[in-house]
Amino acid sequence: MPVALLALAIGAFGIGTTEFVMMGVLPQAAADFGVSIPSAGYLITGYALGVVVGAPLLTAAAVRLPRKTMLLAMMTLFTLGNLLFSLSPNQEFGVLFRFVAGLPHGAFFGAGAVVASSLVEPGNRAKAVSMMFLGLTLANVVGVPLGTLLGQQVGWRATFGVVAGIGVLAIAAIAKLVPHQGRPAEASLRGELGAFRRPQVWLALAIVTVGMGGVFASLSYVAPMLTDVAGYAPRNVTLLLALAGVGMTIGNLLGGRLADRALMPSLYFALFALAAVLAIFTITAHSKIGAAVTIFAVGVAGFMIGPMMQTRIMQKAGGTPSLVSAAVQSAFNIANSIGAYLGGLAIAGGLGLVAPNMVGAILSVLGLSIATVSGVLDRRQAAVPALAEA
């Protein structure tokens, strides 16, 4: 694999850390700002909103920039947002700077996925994309636990100061290792938007939004499941979340390799496996060993889907992949919101703390249904030229 993928993975590691470590240091930030933990939750919401807004807008604004320049600009904005957040004087500025830090998230991954796939032969493109996303999954194994520990021992501001330092390192690595890409041929906003006229692009975004919503329905409430249902002490939750992160890392790498061999059959398998594992989690959540094994399996099955869908949507976008590639990140964050919301409704409705797992299983089955429709359309479109030649 090209060494340039390391630079992209460093950027992904920084982005993954800043996105998820906020959950670990939320109590410290709330105390520092003098607000309740629910109010401090807006720091998480602000980042997610930045991702959803920034992915299409920044990609559209920079559509004619060389992709290396785009990557450098997005990582610079990321670094600035995190540095300002670490210096926030109050909650209001904190939410604003978290929003700023989230803006380049989707645009970076969108441009990075296109660059990663361009550096290798066609048969290795999904694997290359998964190598970039390896940084994102490793953030859950290394960055988030260490960042949480640093925040608890030194203060949450130190955590995000270090994240800004990772951003500086990513900028240097991209500048040094990523080859000049040149301006995208015939790039235009109209051409990028034209990709959204393709039904398969919308089906791909729907698969991400609904199917991955199943992962987030479960993981959003995994901490109380582990403590109140499985019986783990709160201090063990961080280690179990790191175990889930290891599963995510393995799933990401496995998904990239399977996608290069047979993308759609692999996607069907991943969504079916995710639905099955989440359904099983409603039972194994009552056992310490069962919960640990299953949370690992959720990470593997759920994050196999990421490189598959990033590759799928770039294929269906044709020659204008940047905007739809970035839109996948918006879809992931919408999936996060939908999954967490529906899982919360199940708990509030009196169905118990394990109910989000069944909600997740249902969402994954719906995602599999959408993927099946997409596959049927593929086969029909392939059959039309064959009939014409006959």
# chains A, B, ... in the order shown; residues from 1 in each chain; ligands from 1
>>> residues_around(residues="Gly54 of chain A", least_positions_apart="4", cutoff="12 Å", atoms="only C-alpha atoms", output="tab-separated table (two decimals) with N, CA, C and O atoms, in the first residue's frame")
chain	number	residue	atom	x	y	z
A	46	GLY	N	-23.16	19.79	18.62
A	46	GLY	CA	-22.56	20.83	17.79
A	46	GLY	C	-21.60	20.25	16.78
A	46	GLY	O	-21.58	20.65	15.61
A	47	TYR	N	-20.80	19.26	17.21
A	47	TYR	CA	-19.86	18.63	16.28
A	47	TYR	C	-20.61	17.88	15.18
A	47	TYR	O	-20.29	18.00	14.00
A	48	ALA	N	-21.61	17.09	15.58
A	48	ALA	CA	-22.38	16.31	14.60
A	48	ALA	C	-23.05	17.21	13.58
A	48	ALA	O	-23.09	16.91	12.38
A	49	LEU	N	-23.59	18.34	14.05
A	49	LEU	CA	-24.22	19.29	13.13
A	49	LEU	C	-23.19	19.85	12.16
A	49	LEU	O	-23.48	20.03	10.96
A	50	GLY	N	-21.99	20.12	12.65
A	50	GLY	CA	-20.93	20.60	11.77
A	50	GLY	C	-20.60	19.60	10.68
A	50	GLY	O	-20.37	19.99	9.53
A	58	LEU	N	-18.67	22.42	2.14
A	58	LEU	CA	-17.25	22.64	1.90
A	58	LEU	C	-16.76	21.88	0.66
A	58	LEU	O	-15.91	22.38	-0.08
A	59	THR	N	-17.29	20.71	0.44
A	59	THR	CA	-16.93	19.96	-0.77
A	59	THR	C	-17.38	20.72	-2.02
A	59	THR	O	-16.64	20.82	-3.01
A	60	ALA	N	-18.59	21.26	-1.97
A	60	ALA	CA	-19.10	22.03	-3.11
A	60	ALA	C	-18.29	23.30	-3.32
A	60	ALA	O	-17.96	23.67	-4.46
A	61	ALA	N	-17.92	23.96	-2.23
A	61	ALA	CA	-17.17	25.22	-2.35
A	61	ALA	C	-15.78	25.00	-2.92
A	61	ALA	O	-15.24	25.88	-3.61
A	62	ALA	N	-15.20	23.84	-2.67
A	62	ALA	CA	-13.82	23.59	-3.09
A	62	ALA	C	-13.74	22.57	-4.23
A	62	ALA	O	-12.71	21.93	-4.41
A	74	MET	N	-8.81	21.29	4.75
A	74	MET	CA	-9.73	20.70	5.72
A	74	MET	C	-9.02	20.37	7.03
A	74	MET	O	-9.56	20.58	8.12
A	77	LEU	N	-8.45	23.59	9.00
A	77	LEU	CA	-9.67	24.03	9.68
A	77	LEU	C	-9.96	23.14	10.89
A	77	LEU	O	-10.37	23.64	11.95
A	78	PHE	N	-9.74	21.85	10.74
A	78	PHE	CA	-9.91	20.91	11.86
A	78	PHE	C	-9.00	21.28	13.03
A	78	PHE	O	-9.44	21.33	14.19
A	99	PHE	N	-18.62	22.98	16.52
A	99	PHE	CA	-19.25	23.03	15.20
A	99	PHE	C	-18.19	23.28	14.13
A	99	PHE	O	-18.17	22.61	13.09
A	100	VAL	N	-17.29	24.22	14.39
A	100	VAL	CA	-16.21	24.53	13.44
A	100	VAL	C	-15.32	23.30	13.23
A	100	VAL	O	-14.94	22.97	12.09
A	101	ALA	N	-14.98	22.61	14.33
A	101	ALA	CA	-14.13	21.43	14.22
A	101	ALA	C	-14.80	20.32	13.42
A	101	ALA	O	-14.13	19.52	12.76
A	102	GLY	N	-16.14	20.25	13.46
A	102	GLY	CA	-16.86	19.22	12.73
A	102	GLY	C	-17.04	19.51	11.25
A	102	GLY	O	-17.25	18.58	10.45
A	103	LEU	N	-16.95	20.77	10.88
A	103	LEU	CA	-17.21	21.15	9.48
A	103	LEU	C	-16.35	20.38	8.47
A	103	LEU	O	-16.87	19.91	7.45
A	104	PRO	N	-15.04	20.23	8.69
A	104	PRO	CA	-14.21	19.57	7.66
A	104	PRO	C	-14.26	18.05	7.69
A	104	PRO	O	-13.68	17.40	6.81
A	105	HIS	N	-14.94	17.45	8.66
A	105	HIS	CA	-14.95	16.00	8.85
A	105	HIS	C	-15.33	15.27	7.55
A	105	HIS	O	-14.56	14.46	7.02
A	106	GLY	N	-16.53	15.52	7.07
A	106	GLY	CA	-17.01	14.80	5.89
A	106	GLY	C	-16.25	15.14	4.64
A	106	GLY	O	-15.97	14.27	3.80
A	107	ALA	N	-15.89	16.42	4.47
A	107	ALA	CA	-15.16	16.83	3.27
A	107	ALA	C	-13.78	16.17	3.24
A	107	ALA	O	-13.29	15.79	2.17
A	108	PHE	N	-13.14	16.04	4.40
A	108	PHE	CA	-11.83	15.37	4.45
A	108	PHE	C	-11.95	13.91	4.03
A	108	PHE	O	-11.18	13.42	3.19
A	109	PHE	N	-12.91	13.20	4.61
A	109	PHE	CA	-13.07	11.79	4.27
A	109	PHE	C	-13.52	11.61	2.83
A	109	PHE	O	-13.13	10.65	2.16
A	110	GLY	N	-14.35	12.54	2.33
A	110	GLY	CA	-14.79	12.45	0.95
A	110	GLY	C	-13.63	12.58	-0.01
A	110	GLY	O	-13.44	11.74	-0.92
A	323	LEU	N	-18.44	14.93	-4.09
A	323	LEU	CA	-19.55	15.41	-3.27
A	323	LEU	C	-20.33	14.24	-2.67
A	323	LEU	O	-20.69	14.27	-1.49
A	326	ALA	N	-18.36	12.64	0.14
A	326	ALA	CA	-18.49	13.41	1.38
A	326	ALA	C	-19.87	13.22	2.00
A	326	ALA	O	-20.01	13.20	3.23
A	327	ALA	N	-20.88	13.08	1.15
A	327	ALA	CA	-22.25	12.91	1.66
A	327	ALA	C	-22.40	11.64	2.48
A	327	ALA	O	-23.28	11.55	3.34
A	329	GLN	N	-20.46	10.68	4.76
A	329	GLN	CA	-20.18	11.04	6.15
A	329	GLN	C	-21.37	11.72	6.79
A	329	GLN	O	-21.64	11.53	7.98
A	330	SER	N	-22.08	12.54	6.02
A	330	SER	CA	-23.32	13.12	6.55
A	330	SER	C	-24.32	12.01	6.87
A	330	SER	O	-25.00	12.04	7.90
A	333	ASN	N	-23.55	10.31	10.13
A	333	ASN	CA	-23.93	11.09	11.31
A	333	ASN	C	-25.45	11.17	11.47
A	333	ASN	O	-25.95	11.22	12.59
>>> closest_residue(among="A:Thr227, A:Thr238, A:Ser325, A:Gln381", to="Ser287 of chain A", atoms="only C-alpha atoms")
A:Thr227
>>> residues_around(residues="Gly11 of chain A", least_positions_apart="2", cutoff="9 Å", atoms="only C-alpha atoms", output="PyMOL selection string")
chain A and resi 6-9+13-16+75+108+132+135-136+166-167+169-171+173-174
>>> atom_distance(atom1="atom CA of Ser364 of chain A", atom2="atom CA of Gly211 of chain A")
4.4 Å
>>> residues_around(residues="segment 264-268 of chain A", least_positions_apart="2", cutoff="9 Å", atoms="only C-alpha atoms", output="PyMOL selection string")
chain A and resi 255+258-259+261-262+270-273+304-305+308-309+312+368+371-372+375
>>> closest_residue(among="A:Pro145, A:Gly81, A:Gly306, A:Pro122", to="Phe160 of chain A", atoms="only C-alpha atoms")
A:Gly81
>>> atom_distance(atom1="atom CA of His180 of chain A", atom2="atom CA of Pro2 of chain A")
13.9 Å
>>> select_by_dssp(residues="segment 161-364 of chain A", states="alpha helix (DSSP H)", output="MDAnalysis selection string")
chainID A and resid 161:177 189:194 199:219 222:224 237:261 263:284 288:317 322:348 355:364
>>> closest_residue(among="A:Ile370, A:Ala382, A:Leu84, A:Ala4", to="Val129 of chain A", atoms="only C-alpha atoms")
A:Ala4
>>> residues_around(residues="segment 91-94 of chain A", least_positions_apart="5", cutoff="10 Å", atoms="only C-alpha atoms", output="mmCIF file with N, CA, C and O atoms, in the first residue's frame")
data_model
loop_
_atom_site.group_PDB
_atom_site.id
_atom_site.type_symbol
_atom_site.label_atom_id
_atom_site.label_comp_id
_atom_site.auth_asym_id
_atom_site.auth_seq_id
_atom_site.Cartn_x
_atom_site.Cartn_y
_atom_site.Cartn_z
ATOM 1 N N ALA A 29 -15.774 18.678 31.186
ATOM 2 C CA ALA A 29 -16.136 19.900 30.467
ATOM 3 C C ALA A 29 -17.354 20.565 31.104
ATOM 4 O O ALA A 29 -17.404 21.798 31.241
ATOM 5 N N ALA A 30 -18.335 19.764 31.511
ATOM 6 C CA ALA A 30 -19.536 20.307 32.148
ATOM 7 C C ALA A 30 -19.173 21.038 33.439
ATOM 8 O O ALA A 30 -19.664 22.156 33.707
ATOM 9 N N ASP A 32 -16.265 22.332 34.257
ATOM 10 C CA ASP A 32 -15.454 23.513 33.939
ATOM 11 C C ASP A 32 -16.327 24.674 33.475
ATOM 12 O O ASP A 32 -16.115 25.832 33.868
ATOM 13 N N PHE A 33 -17.331 24.377 32.651
ATOM 14 C CA PHE A 33 -18.213 25.420 32.128
ATOM 15 C C PHE A 33 -19.332 25.778 33.113
ATOM 16 O O PHE A 33 -20.069 26.736 32.898
ATOM 17 N N GLY A 34 -19.484 24.983 34.168
ATOM 18 C CA GLY A 34 -20.525 25.252 35.141
ATOM 19 C C GLY A 34 -21.923 24.963 34.630
ATOM 20 O O GLY A 34 -22.878 25.678 34.963
ATOM 21 N N VAL A 35 -22.069 23.881 33.831
ATOM 22 C CA VAL A 35 -23.372 23.507 33.281
ATOM 23 C C VAL A 35 -23.641 22.055 33.621
ATOM 24 O O VAL A 35 -22.751 21.311 34.057
ATOM 25 N N SER A 39 -26.743 19.604 29.386
ATOM 26 C CA SER A 39 -26.418 20.836 28.646
ATOM 27 C C SER A 39 -25.080 20.697 27.936
ATOM 28 O O SER A 39 -24.913 21.150 26.799
ATOM 29 N N ALA A 40 -24.116 20.068 28.600
ATOM 30 C CA ALA A 40 -22.814 19.849 27.971
ATOM 31 C C ALA A 40 -22.934 18.925 26.758
ATOM 32 O O ALA A 40 -22.072 18.945 25.872
ATOM 33 N N TYR A 42 -24.614 19.347 24.318
ATOM 34 C CA TYR A 42 -24.648 20.158 23.095
ATOM 35 C C TYR A 42 -23.269 20.236 22.441
ATOM 36 O O TYR A 42 -23.167 20.544 21.250
ATOM 37 N N LEU A 43 -22.216 19.964 23.204
ATOM 38 C CA LEU A 43 -20.873 19.925 22.617
ATOM 39 C C LEU A 43 -20.744 18.763 21.639
ATOM 40 O O LEU A 43 -20.002 18.840 20.655
ATOM 41 N N GLY A 46 -23.165 19.787 18.622
ATOM 42 C CA GLY A 46 -22.561 20.827 17.789
ATOM 43 C C GLY A 46 -21.604 20.248 16.776
ATOM 44 O O GLY A 46 -21.581 20.654 15.607
ATOM 45 N N GLY A 81 -10.172 24.547 14.692
ATOM 46 C CA GLY A 81 -11.388 24.349 15.477
ATOM 47 C C GLY A 81 -11.106 23.701 16.819
ATOM 48 O O GLY A 81 -11.644 24.117 17.859
ATOM 49 N N ASN A 82 -10.234 22.696 16.831
ATOM 50 C CA ASN A 82 -9.916 22.006 18.083
ATOM 51 C C ASN A 82 -9.067 22.870 19.008
ATOM 52 O O ASN A 82 -9.245 22.845 20.237
ATOM 53 N N LEU A 84 -9.130 26.190 19.149
ATOM 54 C CA LEU A 84 -10.035 27.199 19.712
ATOM 55 C C LEU A 84 -10.947 26.582 20.765
ATOM 56 O O LEU A 84 -11.233 27.208 21.795
ATOM 57 N N PHE A 85 -11.392 25.353 20.527
ATOM 58 C CA PHE A 85 -12.252 24.699 21.509
ATOM 59 C C PHE A 85 -11.515 24.497 22.832
ATOM 60 O O PHE A 85 -12.087 24.664 23.912
ATOM 61 N N SER A 86 -10.235 24.138 22.754
ATOM 62 C CA SER A 86 -9.459 23.930 23.979
ATOM 63 C C SER A 86 -9.282 25.221 24.772
ATOM 64 O O SER A 86 -8.947 25.173 25.967
ATOM 65 N N PHE A 99 -18.624 22.983 16.525
ATOM 66 C CA PHE A 99 -19.250 23.033 15.204
ATOM 67 C C PHE A 99 -18.188 23.278 14.131
ATOM 68 O O PHE A 99 -18.168 22.605 13.089
ATOM 69 N N VAL A 100 -17.290 24.223 14.389
ATOM 70 C CA VAL A 100 -16.212 24.528 13.439
ATOM 71 C C VAL A 100 -15.320 23.304 13.228
ATOM 72 O O VAL A 100 -14.943 22.975 12.094
#
>>> residues_around(residues="Val215 of chain A", least_positions_apart="2", cutoff="10 Å", atoms="only C-alpha atoms", output="PyMOL selection string")
chain A and resi 210-213+217-220+274-275+278+298-299+301-303+335-336+339-340+356-357+359-361+363-364
>>> closest_residue(among="A:Val25, A:Ala292, A:Met248, A:Ala346", to="Asn140 of chain A", atoms="only C-alpha atoms")
A:Met248
>>> closest_residue(among="A:Gly352, A:Gly343, A:Pro56, A:Gly367", to="Phe196 of chain A", atoms="only C-alpha atoms")
A:Pro56
>>> closest_residue(among="A:Leu345, A:Leu177, A:Ala297, A:Ala276", to="Ile250 of chain A", atoms="only C-alpha atoms")
A:Ala297
>>> residues_around(residues="Thr17 of chain A", least_positions_apart="5", cutoff="7 Å", atoms="only C-alpha atoms", output="ChimeraX atom specification")
/A:139-140,143-144
>>> decode(residues="segment 65-77 of chain A", atoms="all heavy atoms", output="short mmCIF file (atom, residue, chain, number, x, y, z; two decimals), in the first residue's frame")
data_model
loop_
_atom_site.label_atom_id
_atom_site.label_comp_id
_atom_site.auth_asym_id
_atom_site.auth_seq_id
_atom_site.Cartn_x
_atom_site.Cartn_y
_atom_site.Cartn_z
N LEU A 65 -10.72 22.73 -6.53
CA LEU A 65 -9.38 22.71 -5.94
C LEU A 65 -8.72 21.35 -6.19
O LEU A 65 -9.40 20.32 -6.21
CB LEU A 65 -9.45 22.94 -4.44
CG LEU A 65 -9.74 24.36 -3.94
CD1 LEU A 65 -9.80 24.36 -2.41
CD2 LEU A 65 -8.67 25.34 -4.41
N PRO A 66 -7.40 21.32 -6.35
CA PRO A 66 -6.71 20.02 -6.33
C PRO A 66 -7.00 19.31 -5.02
O PRO A 66 -7.08 19.93 -3.96
CB PRO A 66 -5.22 20.42 -6.44
CG PRO A 66 -5.23 21.76 -7.10
CD PRO A 66 -6.48 22.44 -6.60
N ARG A 67 -7.12 18.00 -5.06
CA ARG A 67 -7.58 17.28 -3.88
C ARG A 67 -6.56 17.33 -2.75
O ARG A 67 -6.93 17.30 -1.58
CB ARG A 67 -7.94 15.85 -4.26
CG ARG A 67 -9.20 15.80 -5.14
CD ARG A 67 -9.79 14.42 -5.26
NE ARG A 67 -11.02 14.50 -6.04
CZ ARG A 67 -11.15 14.09 -7.30
NH1 ARG A 67 -10.10 13.58 -7.92
NH2 ARG A 67 -12.30 14.20 -7.93
N LYS A 68 -5.28 17.40 -3.05
CA LYS A 68 -4.29 17.55 -1.99
C LYS A 68 -4.48 18.89 -1.28
O LYS A 68 -4.41 18.95 -0.04
CB LYS A 68 -2.88 17.44 -2.54
CG LYS A 68 -1.81 17.57 -1.47
CD LYS A 68 -0.42 17.33 -2.03
CE LYS A 68 0.65 17.47 -0.95
NZ LYS A 68 2.01 17.17 -1.46
N THR A 69 -4.73 19.93 -2.03
CA THR A 69 -5.01 21.24 -1.44
C THR A 69 -6.25 21.18 -0.57
O THR A 69 -6.30 21.76 0.52
CB THR A 69 -5.19 22.30 -2.54
OG1 THR A 69 -4.02 22.32 -3.37
CG2 THR A 69 -5.41 23.69 -1.95
N MET A 70 -7.26 20.47 -1.04
CA MET A 70 -8.50 20.29 -0.28
C MET A 70 -8.22 19.60 1.05
O MET A 70 -8.69 20.03 2.11
CB MET A 70 -9.48 19.46 -1.11
CG MET A 70 -10.76 19.08 -0.40
SD MET A 70 -11.84 20.48 -0.13
CE MET A 70 -13.38 19.62 0.23
N LEU A 71 -7.42 18.54 1.02
CA LEU A 71 -7.09 17.82 2.24
C LEU A 71 -6.35 18.71 3.24
O LEU A 71 -6.64 18.70 4.44
CB LEU A 71 -6.24 16.59 1.91
CG LEU A 71 -6.93 15.46 1.15
CD1 LEU A 71 -5.91 14.42 0.70
CD2 LEU A 71 -7.99 14.79 2.03
N LEU A 72 -5.39 19.48 2.74
CA LEU A 72 -4.64 20.38 3.62
C LEU A 72 -5.54 21.45 4.22
O LEU A 72 -5.42 21.79 5.41
CB LEU A 72 -3.48 21.02 2.83
CG LEU A 72 -2.34 20.08 2.45
CD1 LEU A 72 -1.39 20.77 1.47
CD2 LEU A 72 -1.57 19.64 3.70
N ALA A 73 -6.44 22.00 3.41
CA ALA A 73 -7.35 23.04 3.90
C ALA A 73 -8.28 22.48 4.97
O ALA A 73 -8.52 23.12 6.00
CB ALA A 73 -8.16 23.62 2.74
N MET A 74 -8.81 21.29 4.75
CA MET A 74 -9.73 20.70 5.72
C MET A 74 -9.02 20.37 7.03
O MET A 74 -9.56 20.58 8.12
CB MET A 74 -10.38 19.43 5.14
CG MET A 74 -11.32 19.68 3.96
SD MET A 74 -12.65 20.86 4.33
CE MET A 74 -11.98 22.37 3.59
N MET A 75 -7.80 19.85 6.94
CA MET A 75 -7.08 19.52 8.17
C MET A 75 -6.65 20.79 8.92
O MET A 75 -6.58 20.79 10.16
CB MET A 75 -5.88 18.64 7.84
CG MET A 75 -5.25 17.94 9.03
SD MET A 75 -6.40 17.09 10.16
CE MET A 75 -7.23 15.96 9.05
N THR A 76 -6.39 21.85 8.20
CA THR A 76 -6.07 23.13 8.85
C THR A 76 -7.28 23.66 9.61
O THR A 76 -7.16 24.11 10.76
CB THR A 76 -5.62 24.17 7.80
OG1 THR A 76 -4.43 23.70 7.14
CG2 THR A 76 -5.32 25.52 8.46
N LEU A 77 -8.45 23.59 9.00
CA LEU A 77 -9.67 24.03 9.68
C LEU A 77 -9.96 23.14 10.89
O LEU A 77 -10.37 23.64 11.95
CB LEU A 77 -10.85 23.99 8.70
CG LEU A 77 -12.22 24.43 9.24
CD1 LEU A 77 -12.15 25.85 9.78
CD2 LEU A 77 -13.29 24.32 8.14
#
